[in-house]
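So this block is model13.csv, CSV, C-alpha atoms:
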chain,number,residue,atom,x,y,z
A,1,MET,CA,-71.5,169.7,96.4
A,2,ASP,CA,-74.1,169.4,93.7
A,3,SER,CA,-73.1,168.1,90.3
A,4,PRO,CA,-73.5,170.6,87.4
A,5,ARG,CA,-76.6,170.3,85.2
A,6,ARG,CA,-75.0,171.8,82.1
A,7,ILE,CA,-71.5,171.3,81.0
A,8,PHE,CA,-69.8,173.0,78.0
A,9,VAL,CA,-66.6,171.6,76.6
A,10,ILE,CA,-64.9,173.9,74.1
A,11,LEU,CA,-62.0,172.8,72.0
A,12,GLY,CA,-59.4,175.4,71.4
A,13,HIS,CA,-57.2,174.2,68.5
A,14,THR,CA,-54.8,177.0,68.4
A,15,ALA,CA,-54.9,178.4,72.0
A,16,ALA,CA,-51.8,179.1,74.0
A,17,ILE,CA,-50.8,176.4,76.5
A,18,THR,CA,-48.1,178.5,78.2
A,19,PRO,CA,-48.7,181.9,79.8
A,20,ASP,CA,-46.3,183.8,77.6
A,21,PHE,CA,-48.9,185.8,75.7
A,22,THR,CA,-50.2,189.3,76.2
A,23,LEU,CA,-53.7,190.1,77.3
A,24,ASN,CA,-53.6,192.9,74.8
A,25,ASP,CA,-53.7,190.4,71.9
A,26,LEU,CA,-55.9,187.5,72.8
A,27,PRO,CA,-56.8,186.7,69.1
A,28,GLY,CA,-53.2,186.8,67.9
A,29,SER,CA,-50.5,186.0,70.5
A,30,ALA,CA,-52.9,183.8,72.6
A,31,GLY,CA,-54.2,181.8,69.5
A,32,ARG,CA,-57.8,182.9,69.4
A,33,LEU,CA,-58.2,182.7,73.1
A,34,ASP,CA,-60.8,185.5,72.7
A,35,ILE,CA,-63.3,182.9,71.5
A,36,LEU,CA,-62.8,180.7,74.5
A,37,CYS,CA,-63.1,183.7,76.9
A,38,ARG,CA,-66.5,184.6,75.3
A,39,CYS,CA,-67.6,181.0,75.7
A,40,VAL,CA,-66.9,181.1,79.4
A,41,THR,CA,-69.0,184.3,79.8
A,42,SER,CA,-71.9,182.9,77.7
A,43,ALA,CA,-71.9,179.7,79.7
A,44,LEU,CA,-71.6,181.1,83.2
A,45,CYS,CA,-72.8,184.7,83.3
A,46,LEU,CA,-76.4,185.8,83.9
A,47,SER,CA,-77.2,189.5,83.8
A,48,HIS,CA,-76.4,189.9,87.5
A,49,GLY,CA,-75.0,186.6,88.7
A,50,ILE,CA,-73.3,183.4,87.9
A,51,ARG,CA,-75.0,180.1,86.7
A,52,THR,CA,-74.0,178.0,89.7
A,53,ASP,CA,-75.2,174.8,88.0
A,54,VAL,CA,-72.8,175.1,85.0
A,55,GLU,CA,-69.3,173.9,84.4
A,56,VAL,CA,-67.0,174.9,81.5
A,57,TYR,CA,-64.0,172.9,80.2
A,58,LEU,CA,-61.6,174.7,77.9
A,59,VAL,CA,-59.5,172.1,76.1
A,60,LEU,CA,-56.3,173.8,74.8
A,61,ARG,CA,-54.7,171.9,71.9
A,62,ASP,CA,-55.8,168.7,73.5
A,63,GLN,CA,-53.0,169.0,76.1
A,64,VAL,CA,-54.2,171.3,78.8
A,65,THR,CA,-57.7,171.7,80.3
A,66,VAL,CA,-58.9,174.8,82.2
A,67,ARG,CA,-62.1,174.1,84.1
A,68,PHE,CA,-64.5,176.8,85.4
A,69,GLU,CA,-66.9,175.7,88.1
A,70,GLY,CA,-70.0,177.9,88.3
A,71,GLN,CA,-70.6,176.9,91.9
A,72,SER,CA,-67.3,178.2,93.2
A,73,VAL,CA,-65.8,180.5,90.6
A,74,LYS,CA,-64.7,184.0,91.9
A,75,ARG,CA,-63.3,187.0,90.1
A,76,LEU,CA,-65.1,186.2,86.9
A,77,ASN,CA,-66.2,189.3,85.0
A,78,PRO,CA,-68.0,189.2,81.6
A,79,ASP,CA,-65.2,190.9,79.6
A,80,GLU,CA,-62.8,188.9,77.6
A,81,ARG,CA,-59.6,190.4,79.1
A,82,SER,CA,-60.4,189.5,82.7
A,83,THR,CA,-61.3,186.0,81.7
A,84,GLY,CA,-58.1,185.8,79.7
A,85,ALA,CA,-56.2,186.8,82.9
A,86,LEU,CA,-57.8,183.9,84.8
A,87,ILE,CA,-56.7,181.5,82.0
A,88,LYS,CA,-53.2,183.0,82.0
A,89,ARG,CA,-53.0,182.5,85.8
A,90,ALA,CA,-54.0,178.9,85.4
A,91,LEU,CA,-51.3,178.3,82.8
A,92,GLU,CA,-48.8,180.0,85.2
A,93,ALA,CA,-49.9,177.6,88.0
A,94,LEU,CA,-49.3,174.7,85.7
A,95,GLN,CA,-45.7,175.8,85.1
A,96,GLU,CA,-45.1,176.5,88.8
A,97,VAL,CA,-46.4,173.2,90.2
A,98,PRO,CA,-46.1,170.5,87.5
A,99,THR,CA,-48.3,168.0,89.2
A,100,ALA,CA,-50.2,165.3,87.3
A,101,SER,CA,-53.4,165.9,89.1
A,102,GLU,CA,-55.8,168.9,88.7
A,103,GLN,CA,-55.0,172.0,90.7
A,104,GLU,CA,-57.0,175.1,91.6
A,105,SER,CA,-55.3,178.2,90.2
A,106,THR,CA,-57.8,180.8,91.4
A,107,PRO,CA,-61.1,180.1,93.3
A,108,GLY,CA,-63.3,177.9,91.1
A,109,VAL,CA,-60.7,177.7,88.2
A,110,PHE,CA,-58.8,174.4,87.8
A,111,VAL,CA,-56.1,173.4,85.5
A,112,SER,CA,-54.6,170.0,84.5
A,113,ARG,CA,-52.6,168.3,81.8
A,114,SER,CA,-55.5,166.4,80.2
A,115,GLY,CA,-57.3,166.4,76.9
A,116,LEU,CA,-60.6,165.5,75.3
A,117,SER,CA,-60.4,161.8,75.6
A,118,PHE,CA,-60.0,162.0,79.4
A,119,ILE,CA,-62.9,164.4,79.8
A,120,VAL,CA,-65.2,162.2,77.7
A,121,GLN,CA,-64.4,159.2,79.8
A,122,GLU,CA,-64.9,161.1,83.0
A,123,LEU,CA,-68.3,162.4,81.9
A,124,ALA,CA,-69.4,158.9,80.7
A,125,ALA,CA,-68.5,157.6,84.1
A,126,GLN,CA,-70.7,160.2,85.7
A,127,GLY,CA,-73.6,159.2,83.5
A,128,VAL,CA,-73.8,162.6,81.8
A,129,SER,CA,-75.4,162.6,78.3
A,130,ARG,CA,-73.1,164.0,75.6
A,131,VAL,CA,-74.2,166.3,72.8
A,132,VAL,CA,-72.5,167.7,69.8
A,133,LEU,CA,-74.0,170.7,68.0
A,134,HIS,CA,-74.2,169.9,64.3
A,135,GLU,CA,-76.3,171.3,61.4
A,136,THR,CA,-77.5,167.8,60.5
A,137,GLY,CA,-78.6,167.0,64.1
A,138,SER,CA,-82.2,166.9,65.4
A,139,ASP,CA,-83.7,170.3,66.2
A,140,ILE,CA,-83.0,171.2,69.8
A,141,ARG,CA,-86.5,172.6,70.3
A,142,VAL,CA,-88.1,169.2,69.7
A,143,ALA,CA,-85.3,166.8,70.7
A,144,SER,CA,-85.7,164.5,73.6
A,145,ILE,CA,-82.9,165.6,76.0
A,146,GLU,CA,-82.6,165.5,79.7
A,147,GLU,CA,-80.1,167.2,82.0
A,148,PRO,CA,-77.3,166.7,83.1
A,149,LEU,CA,-76.0,167.4,79.6
A,150,ALA,CA,-72.5,168.0,78.3
A,151,PHE,CA,-72.2,170.0,75.0
A,152,PHE,CA,-69.1,169.8,72.9
A,153,LEU,CA,-68.2,172.8,70.8
A,154,SER,CA,-65.2,173.8,68.7
A,155,ASP,CA,-63.5,177.2,68.3
A,156,HIS,CA,-63.1,178.7,64.8
A,157,GLN,CA,-61.9,175.4,63.4
A,158,ASN,CA,-63.9,172.3,62.8
A,159,PHE,CA,-63.5,169.2,64.9
A,160,THR,CA,-60.5,167.2,63.7
A,161,SER,CA,-61.1,163.6,62.5
A,162,GLY,CA,-59.5,162.3,65.8
A,163,GLU,CA,-61.9,164.4,67.8
A,164,GLU,CA,-64.8,163.2,65.7
A,165,MET,CA,-63.8,159.7,66.5
A,166,ILE,CA,-63.7,160.4,70.3
A,167,LEU,CA,-67.1,162.1,70.0
A,168,GLU,CA,-68.7,159.3,68.0
A,169,GLY,CA,-72.0,158.2,69.5
A,170,CYS,CA,-72.8,161.6,71.0
A,171,GLN,CA,-76.3,162.9,70.3
A,172,ARG,CA,-76.3,165.5,67.5
A,173,LEU,CA,-78.5,168.6,67.9
A,174,SER,CA,-79.0,171.6,65.6
A,175,LEU,CA,-79.9,175.1,66.8
A,176,GLY,CA,-81.1,176.7,63.6
A,177,PRO,CA,-80.3,177.5,60.0
A,178,ALA,CA,-77.3,179.9,60.6
A,179,VAL,CA,-73.7,178.8,61.4
A,180,LEU,CA,-72.8,180.7,64.5
A,181,HIS,CA,-69.8,181.4,66.8
A,182,ALA,CA,-69.5,178.9,69.7
A,183,ASP,CA,-70.4,181.5,72.3
A,184,HIS,CA,-73.6,182.5,70.5
A,185,CYS,CA,-74.5,178.8,70.3
A,186,ILE,CA,-74.1,178.5,74.1
A,187,SER,CA,-76.6,181.4,74.7
A,188,ILE,CA,-79.2,179.6,72.5
A,189,VAL,CA,-78.7,176.3,74.2
A,190,HIS,CA,-79.1,177.9,77.6
A,191,ASN,CA,-82.3,179.6,76.5
A,192,GLU,CA,-83.9,176.3,75.3
A,193,LEU,CA,-82.9,174.6,78.6
A,194,ASP,CA,-84.0,177.5,80.7
A,195,ARG,CA,-87.4,177.4,79.1
A,196,ARG,CA,-87.7,173.7,79.6
A,197,ALA,CA,-86.7,174.0,83.2
A,198,ALA,CA,-89.2,176.8,83.9
A,199,GLN,CA,-92.0,174.7,82.5
A,200,LEU,CA,-91.0,171.9,84.7
A,201,LEU,CA,-91.2,174.2,87.7
A,202,GLN,CA,-94.7,175.5,86.8
B,1,MET,CA,-78.7,200.0,49.0
B,2,ASP,CA,-81.1,197.6,50.8
B,3,SER,CA,-82.6,198.6,54.1
B,4,PRO,CA,-81.6,196.4,57.1
B,5,ARG,CA,-84.1,193.8,58.2
B,6,ARG,CA,-82.9,193.8,61.8
B,7,ILE,CA,-81.7,196.7,63.8
B,8,PHE,CA,-80.4,196.6,67.3
B,9,VAL,CA,-80.2,199.8,69.4
B,10,ILE,CA,-78.1,199.5,72.5
B,11,LEU,CA,-78.1,202.2,75.2
B,12,GLY,CA,-74.8,202.7,76.9
B,13,HIS,CA,-75.5,204.7,80.1
B,14,THR,CA,-71.9,205.0,81.3
B,15,ALA,CA,-69.9,204.6,78.0
B,16,ALA,CA,-67.1,207.0,77.1
B,17,ILE,CA,-68.1,209.7,74.6
B,18,THR,CA,-64.5,211.0,74.0
B,19,PRO,CA,-61.6,208.8,72.8
B,20,ASP,CA,-59.4,209.3,75.9
B,21,PHE,CA,-59.7,205.8,77.2
B,22,THR,CA,-57.4,202.8,77.0
B,23,LEU,CA,-58.4,199.6,75.1
B,24,ASN,CA,-56.7,197.7,77.9
B,25,ASP,CA,-59.6,198.7,80.2
B,26,LEU,CA,-62.9,198.7,78.3
B,27,PRO,CA,-65.0,197.9,81.4
B,28,GLY,CA,-63.3,200.6,83.6
B,29,SER,CA,-61.9,203.6,81.8
B,30,ALA,CA,-64.3,203.3,78.9
B,31,GLY,CA,-67.4,202.9,81.1
B,32,ARG,CA,-68.5,199.3,80.4
B,33,LEU,CA,-67.8,199.7,76.7
B,34,ASP,CA,-67.0,196.0,76.7
B,35,ILE,CA,-70.8,195.3,76.9
B,36,LEU,CA,-71.4,197.3,73.8
B,37,CYS,CA,-68.6,195.7,71.9
B,38,ARG,CA,-70.0,192.3,72.6
B,39,CYS,CA,-73.4,193.5,71.4
B,40,VAL,CA,-71.9,194.6,68.0
B,41,THR,CA,-70.4,191.1,67.6
B,42,SER,CA,-73.5,189.2,68.5
B,43,ALA,CA,-75.6,191.4,66.2
B,44,LEU,CA,-73.3,191.3,63.2
B,45,CYS,CA,-71.0,188.3,63.2
B,46,LEU,CA,-71.8,184.9,61.8
B,47,SER,CA,-69.3,182.0,62.2
B,48,HIS,CA,-67.5,183.0,59.0
B,49,GLY,CA,-69.1,186.2,57.8
B,50,ILE,CA,-71.1,189.3,58.6
B,51,ARG,CA,-74.9,189.6,58.7
B,52,THR,CA,-75.3,192.1,55.9
B,53,ASP,CA,-79.0,192.8,56.6
B,54,VAL,CA,-78.3,194.0,60.2
B,55,GLU,CA,-77.5,197.5,61.6
B,56,VAL,CA,-76.4,198.3,65.1
B,57,TYR,CA,-76.7,201.7,66.9
B,58,LEU,CA,-74.7,202.2,70.0
B,59,VAL,CA,-76.2,205.2,71.9
B,60,LEU,CA,-73.5,206.6,74.2
B,61,ARG,CA,-75.0,208.5,77.2
B,62,ASP,CA,-77.7,209.7,74.9
B,63,GLN,CA,-75.3,212.2,73.3
B,64,VAL,CA,-73.3,210.3,70.7
B,65,THR,CA,-74.4,207.5,68.4
B,66,VAL,CA,-72.0,205.1,66.7
B,67,ARG,CA,-73.8,203.1,63.9
B,68,PHE,CA,-72.4,199.9,62.4
B,69,GLU,CA,-73.8,199.0,59.0
B,70,GLY,CA,-73.6,195.2,58.3
B,71,GLN,CA,-73.7,195.8,54.5
B,72,SER,CA,-70.6,197.9,54.4
B,73,VAL,CA,-68.7,197.4,57.6
B,74,LYS,CA,-65.0,196.5,57.3
B,75,ARG,CA,-62.3,195.6,59.8
B,76,LEU,CA,-64.8,194.1,62.2
B,77,ASN,CA,-63.4,191.2,64.1
B,78,PRO,CA,-65.3,189.3,66.8
B,79,ASP,CA,-63.1,190.2,69.7
B,80,GLU,CA,-64.0,193.1,72.1
B,81,ARG,CA,-60.7,195.0,71.8
B,82,SER,CA,-60.8,195.4,68.0
B,83,THR,CA,-64.4,196.5,68.1
B,84,GLY,CA,-63.5,199.0,70.9
B,85,ALA,CA,-60.8,200.3,68.6
B,86,LEU,CA,-63.4,201.1,65.9
B,87,ILE,CA,-65.5,202.9,68.5
B,88,LYS,CA,-62.5,204.9,69.7
B,89,ARG,CA,-61.7,205.8,66.1
B,90,ALA,CA,-65.3,207.0,65.6
B,91,LEU,CA,-65.0,209.2,68.7
B,92,GLU,CA,-61.7,210.6,67.5
B,93,ALA,CA,-63.3,211.5,64.1
B,94,LEU,CA,-66.1,213.3,66.0
B,95,GLN,CA,-63.5,215.5,67.7
B,96,GLU,CA,-61.5,216.1,64.5
B,97,VAL,CA,-64.5,217.1,62.4
B,98,PRO,CA,-67.2,218.6,64.6
B,99,THR,CA,-70.0,218.5,62.0
B,100,ALA,CA,-73.6,218.3,62.9
B,101,SER,CA,-74.3,215.5,60.4
B,102,GLU,CA,-73.3,211.9,60.6
B,103,GLN,CA,-69.8,211.0,59.3
B,104,GLU,CA,-68.1,207.7,58.4
B,105,SER,CA,-65.1,207.1,60.6
B,106,THR,CA,-64.0,203.8,59.1
B,107,PRO,CA,-65.8,201.8,56.4
B,108,GLY,CA,-69.3,201.0,57.5
B,109,VAL,CA,-69.0,202.8,60.9
B,110,PHE,CA,-70.7,206.1,61.3
B,111,VAL,CA,-70.8,208.6,64.2
B,112,SER,CA,-73.0,211.5,65.0
B,113,ARG,CA,-74.1,213.7,67.9
B,114,SER,CA,-77.5,212.3,68.3
B,115,GLY,CA,-79.4,210.4,70.9
B,116,LEU,CA,-82.3,207.9,71.4
B,117,SER,CA,-85.1,210.3,70.6
B,118,PHE,CA,-83.7,211.1,67.1
B,119,ILE,CA,-83.2,207.4,66.3
B,120,VAL,CA,-86.7,206.5,67.4
B,121,GLN,CA,-88.1,209.3,65.1
B,122,GLU,CA,-85.9,208.1,62.2
B,123,LEU,CA,-87.0,204.5,62.5
B,124,ALA,CA,-90.7,205.5,62.9
B,125,ALA,CA,-90.4,207.5,59.6
B,126,GLN,CA,-89.0,204.4,57.9
B,127,GLY,CA,-91.9,202.3,59.1
B,128,VAL,CA,-89.7,200.0,61.2
B,129,SER,CA,-91.5,198.1,64.0
B,130,ARG,CA,-90.0,198.8,67.4
B,131,VAL,CA,-89.5,196.2,70.1
B,132,VAL,CA,-88.3,196.3,73.7
B,133,LEU,CA,-87.2,193.1,75.3
B,134,HIS,CA,-88.9,192.9,78.7
B,135,GLU,CA,-89.7,190.0,81.0
B,136,THR,CA,-93.4,190.9,81.1
B,137,GLY,CA,-93.7,190.9,77.3
B,138,SER,CA,-95.2,188.4,74.9
B,139,ASP,CA,-93.1,185.3,74.3
B,140,ILE,CA,-91.0,185.9,71.2
B,141,ARG,CA,-91.6,182.4,70.0
B,142,VAL,CA,-95.3,182.9,69.6
B,143,ALA,CA,-95.5,186.7,69.1
B,144,SER,CA,-96.7,188.1,65.8
B,145,ILE,CA,-93.7,190.0,64.5
B,146,GLU,CA,-92.6,191.0,61.1
B,147,GLU,CA,-89.3,192.3,59.9
B,148,PRO,CA,-87.9,195.0,59.5
B,149,LEU,CA,-87.7,195.2,63.3
B,150,ALA,CA,-85.7,197.4,65.6
B,151,PHE,CA,-84.9,196.0,69.1
B,152,PHE,CA,-84.0,198.4,71.9
B,153,LEU,CA,-81.7,197.0,74.7
B,154,SER,CA,-79.9,198.5,77.6
B,155,ASP,CA,-76.4,197.9,79.0
B,156,HIS,CA,-75.9,196.8,82.6
B,157,GLN,CA,-78.3,199.5,83.8
B,158,ASN,CA,-82.1,199.6,83.4
B,159,PHE,CA,-83.7,202.0,81.0
B,160,THR,CA,-84.1,205.4,82.6
B,161,SER,CA,-87.6,206.8,83.1
B,162,GLY,CA,-86.9,209.3,80.3
B,163,GLU,CA,-85.9,206.4,78.0
B,164,GLU,CA,-89.0,204.5,78.9
B,165,MET,CA,-91.1,207.5,78.0
B,166,ILE,CA,-89.5,207.7,74.6
B,167,LEU,CA,-89.9,203.9,74.1
B,168,GLU,CA,-93.6,203.9,75.2
B,169,GLY,CA,-95.8,202.1,72.7
B,170,CYS,CA,-93.1,199.8,71.5
B,171,GLN,CA,-94.1,196.1,71.4
B,172,ARG,CA,-92.8,194.2,74.4
B,173,LEU,CA,-91.3,190.7,73.9
B,174,SER,CA,-89.8,188.3,76.4
B,175,LEU,CA,-87.1,185.7,75.5
B,176,GLY,CA,-87.4,183.3,78.4
B,177,PRO,CA,-87.2,183.0,82.2
B,178,ALA,CA,-83.6,184.1,82.8
B,179,VAL,CA,-82.4,187.7,82.9
B,180,LEU,CA,-79.5,187.9,80.5
B,181,HIS,CA,-76.8,190.2,79.2
B,182,ALA,CA,-77.8,192.2,76.2
B,183,ASP,CA,-75.4,190.4,73.8
B,184,HIS,CA,-76.8,187.0,74.8
B,185,CYS,CA,-80.3,188.4,74.2
B,186,ILE,CA,-79.3,189.4,70.7
B,187,SER,CA,-78.1,185.9,69.9
B,188,ILE,CA,-81.5,184.5,71.0
B,189,VAL,CA,-83.4,187.1,69.0
B,190,HIS,CA,-81.4,186.3,65.8
B,191,ASN,CA,-82.0,182.5,66.3
B,192,GLU,CA,-85.8,183.0,66.5
B,193,LEU,CA,-85.8,185.3,63.4
B,194,ASP,CA,-83.4,183.0,61.5
B,195,ARG,CA,-85.7,180.1,62.1
B,196,ARG,CA,-88.8,182.1,60.9
B,197,ALA,CA,-86.9,183.3,57.8
B,198,ALA,CA,-85.8,179.8,57.0
B,199,GLN,CA,-89.3,178.4,57.2
B,200,LEU,CA,-90.5,181.2,54.9
B,201,LEU,CA,-87.9,180.2,52.4
B,202,GLN,CA,-88.9,176.5,52.4
Encoding of this model in C-alpha cells:
Amino acid sequence: MDSPRRIFVILGHTAAITPDFTLNDLPGSAGRLDILCRCVTSALCLSHGIRTDVEVYLVLRDQVTVRFEGQSVKRLNPDERSTGALIKRALEALQEVPTASEQESTPGVFVSRSGLSFIVQELAAQGVSRVVLHETGSDIRVASIEEPLAFFLSDHQNFTSGEEMILEGCQRLSLGPAVLHADHCISIVHNELDRRAAQLLQ
Amino acid sequence: MDSPRRIFVILGHTAAITPDFTLNDLPGSAGRLDILCRCVTSALCLSHGIRTDVEVYLVLRDQVTVRFEGQSVKRLNPDERSTGALIKRALEALQEVPTASEQESTPGVFVSRSGLSFIVQELAAQGVSRVVLHETGSDIRVASIEEPLAFFLSDHQNFTSGEEMILEGCQRLSLGPAVLHADHCISIVHNELDRRAAQLLQ
C-alpha cells in the first residue's frame, strides 16, 4: 500500500474520549468534536471523491488517536454528524476491545490509545517532514516544501506548552493574514499543494 | 451601514424550503442543507470572530433566499447544526408572516421569496462585479479583480442551463486543479482576497 503524501494531525484539547456523547450536540457534549469532524472532511473530501493519498490523525486529549486513511476509508460523508458517528464508533471499539495496539473500528478508521508524542516519533521514523502552521512562519506560497508532509493543527485552543515542546523543530509556515479555523486552513494547504503537484505533472 | 466587500451566493438545488425537516438529518430530510450550512461558516467565520464585510445568500430551489449579513448576524456558531437551526427559523418566519418583502428572522438573518434572477439584478444595480468559479476560468491568483465582488457557487449539483443563462457574462475564475466542495472553494477565495487586501494595507 502506498504511503500517504499529505498527513494532517489535529489536536482536540477538549474532545470526548469515550462514546457517551450525543451526535445531536457535537460542540457541547462531545467537546467541540464538530471542529475535528470538519477537519476530516476538508482533509479527505473532494467534490465527488476521496483524496486517497491523505491521512488524518485526530488526537483526542493526547490520550486517544483516531486515524482516517484516505486509501481505505468507507462510509465517510462530508457532513459533521456522520463523521461524528464514525468517531463515536471508534471510541466504542476501544471500550469493547481494550488492546494496546491500533484496531480498525470501521473500514479505514483506526483507533488507539496513543498521543502526540508517539505520532511525532512514528512520522519521524518514516522520514515525513513536519510542519506547523503559524502566523510567524514562512509564506507557504514561496516556502521550500516537499511531500510527504505532515501538518500539525490545533482545535479552538492554542497548542499547550507541552505540545509546543514536542513540535519544536518543525518547519513553520503561514497561510495568510487572517487567523482561520483549522478546517479552513486545511483547504488552503491542499490548494497550494494541488497547484504545485499539477505543475510538476505538466 | 457599509456595503459588504465580498458576497457569496450559493445555489441549493434540493434544499428544503419549508421548516418541516429534522436538524438530525440535514443531508437527507433537509435536502443537502449540510452543504449550505458549511458554506455559511466558511464565508463568515474567522477563528475567533465574524467577517463583518461579508454577506451570504443561500438560494433554495430558486424560490426562497436566506441572507446572512456579517455585519449584524448573531447566534452564528461554526457547526452545521446551529446554522441549520437559523435556516429552519427563517423558513418558519416565512410561513408565519407571508409577506412579499424580505423579513429578519433572527438578528442578521433575512428571508424572502426570491430567486437567483432577482439577486443578480440587485447586485448589478449596486455595481458589484460578479464571478463564477469554473475550471476553465482565469487563475484567481493572477486575475484582475476588484472588490466588491459577488461569487456564485453551486451545491453538489452543477448549475442548471437556466442558471447558466442568468449568470452569462460573469467573470470566470478558477482556483486550482482539483474539483472541490463549495465551502472549501470559499476558504480559498477568502485567502486570495485577504492576501491582496493585506498587501494594499502595507
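Here CA of Val132 (chain A) is placed at a distance of 24.0 Å from CA of Gln71 (chain A).
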Restrict the calculation to only C-alpha atoms, then for each residue of chain A with any atom at most 6 Å from an atom of chain B give the closest atom pair and their distance in Å to one decimal, rows by chain and rising residue number, as JSON lines.
{"residue": "A:Leu46", "atom": "CA", "partner": "B:Leu180", "partner_atom": "CA", "distance": 5.1}
{"residue": "A:Ser47", "atom": "CA", "partner": "B:Leu180", "partner_atom": "CA", "distance": 4.3}
{"residue": "A:Gly176", "atom": "CA", "partner": "B:Arg195", "partner_atom": "CA", "distance": 5.9}
{"residue": "A:Val179", "atom": "CA", "partner": "B:Ser47", "partner_atom": "CA", "distance": 5.5}
{"residue": "A:Leu180", "atom": "CA", "partner": "B:Ser47", "partner_atom": "CA", "distance": 4.4}
{"residue": "A:His181", "atom": "CA", "partner": "B:Ser47", "partner_atom": "CA", "distance": 4.7}
{"residue": "A:His184", "atom": "CA", "partner": "B:Ser187", "partner_atom": "CA", "distance": 5.7}
{"residue": "A:Ser187", "atom": "CA", "partner": "B:His184", "partner_atom": "CA", "distance": 5.6}
{"residue": "A:Ile188", "atom": "CA", "partner": "B:Ile188", "partner_atom": "CA", "distance": 5.6}
{"residue": "A:Arg195", "atom": "CA", "partner": "B:Gly176", "partner_atom": "CA", "distance": 5.9}
So which residues touch Ala100 (chain B) within 12 Å, counting all atoms listed in the file, skipping near sequence neighbours fewer than 2 positions away, as a PyMOL selection string?
chain B and resi 64+94-95+97-98+102-103+111-114
Between CA of Glu92 (chain B) and CA of Pro19 (chain B), what is the spacing in Å?
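Calculated distance between CA of Pro19 (chain B) and CA of Glu92 (chain B) is 5.6 Å.
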Which protein, DNA or RNA residues have an atom at most 9 Å from (-79.3, 171.6, 85.3), counting only C-alpha atoms? List them as a PyMOL selection string.
chain A and resi 3-7+53-54+146-149+193-194+197
In terms of the shortest atom-to-atom distance over all atoms listed in the file, which of A:Arg75, A:His134, A:Lys88, A:Arg141 is closest to Phe159 (chain A)?
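With all atoms listed in the file as the atom set, the closest residue is A:His134.
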List the neighbours of Ser138 (chain B) out to 10 Å using all atoms listed in the file; skip same-chain residues closer than 6 positions along the sequence, and give me the result as a PyMOL selection string.
chain B and resi 144+171-176
Which residues are near Gly31 (chain A)? Cut-off 8 Å, all atoms listed in the file, ignore same chain within fewer than 5 positions. Put them as a short mmCIF file (atom, residue, chain, number, x, y, z; two decimals) with C-alpha atoms, in the coordinates of the input.
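Result went into out.cif, see below:
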data_model
loop_
_atom_site.label_atom_id
_atom_site.label_comp_id
_atom_site.auth_asym_id
_atom_site.auth_seq_id
_atom_site.Cartn_x
_atom_site.Cartn_y
_atom_site.Cartn_z
CA THR A 14 -54.80 177.00 68.40
CA ALA A 15 -54.90 178.40 72.00
CA ALA A 16 -51.80 179.10 74.00
CA LEU A 26 -55.90 187.50 72.80
#
Quote the spacing between CA of Gly84 (chain B) and CA of Phe21 (chain B) in Å to one decimal place.
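Computed distance, CA of Gly84 (chain B) to CA of Phe21 (chain B), equals 10.0 Å.
Candidate residues B:Glu163, B:Glu104, B:Glu168, B:Glu122 were compared for distance to Val66 (chain B), and the nearest is B:Glu104, using all atoms listed in the file.
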Best match for closeness to Leu11 (chain B) among B:Ala93, B:Leu86, B:Leu116, B:Ala43, counting only C-alpha atoms
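Checking each of B:Ala93, B:Leu86, B:Leu116, B:Ala43 against Leu11 (chain B), counting only C-alpha atoms, the winner is B:Leu116.
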Complete region 65-76 of chain A with N, CA and C atoms (output as a compact mmCIF listing (two decimals), keeping the file's coordinate frame).
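Everything below was put into result_32.txt:
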# COMPACT_ATOMS: atom_id res chain seq x y z
N THR A 65 -56.27 171.37 80.10
CA THR A 65 -57.70 171.70 80.30
C THR A 65 -57.82 172.70 81.44
N VAL A 66 -58.54 173.78 81.17
CA VAL A 66 -58.90 174.80 82.20
C VAL A 66 -60.38 174.62 82.47
N ARG A 67 -60.73 174.34 83.73
CA ARG A 67 -62.10 174.10 84.10
C ARG A 67 -62.66 175.17 84.98
N PHE A 68 -63.80 175.74 84.62
CA PHE A 68 -64.50 176.80 85.40
C PHE A 68 -65.70 176.15 86.06
N GLU A 69 -65.78 176.26 87.36
CA GLU A 69 -66.90 175.70 88.10
C GLU A 69 -67.81 176.77 88.57
N GLY A 70 -69.03 176.79 88.01
CA GLY A 70 -70.00 177.90 88.30
C GLY A 70 -70.26 178.01 89.81
N GLN A 71 -70.27 176.90 90.50
CA GLN A 71 -70.60 176.90 91.90
C GLN A 71 -69.60 177.63 92.79
N SER A 72 -68.36 177.64 92.36
CA SER A 72 -67.30 178.20 93.20
C SER A 72 -66.45 179.27 92.59
N VAL A 73 -66.70 179.57 91.32
CA VAL A 73 -65.80 180.50 90.60
C VAL A 73 -65.91 181.92 91.24
N LYS A 74 -64.77 182.58 91.39
CA LYS A 74 -64.70 184.00 91.90
C LYS A 74 -63.92 184.79 90.84
N ARG A 75 -64.06 186.10 90.94
CA ARG A 75 -63.30 187.00 90.10
C ARG A 75 -63.62 186.87 88.60
N LEU A 76 -64.77 186.29 88.29
CA LEU A 76 -65.10 186.20 86.90
C LEU A 76 -65.99 187.36 86.47
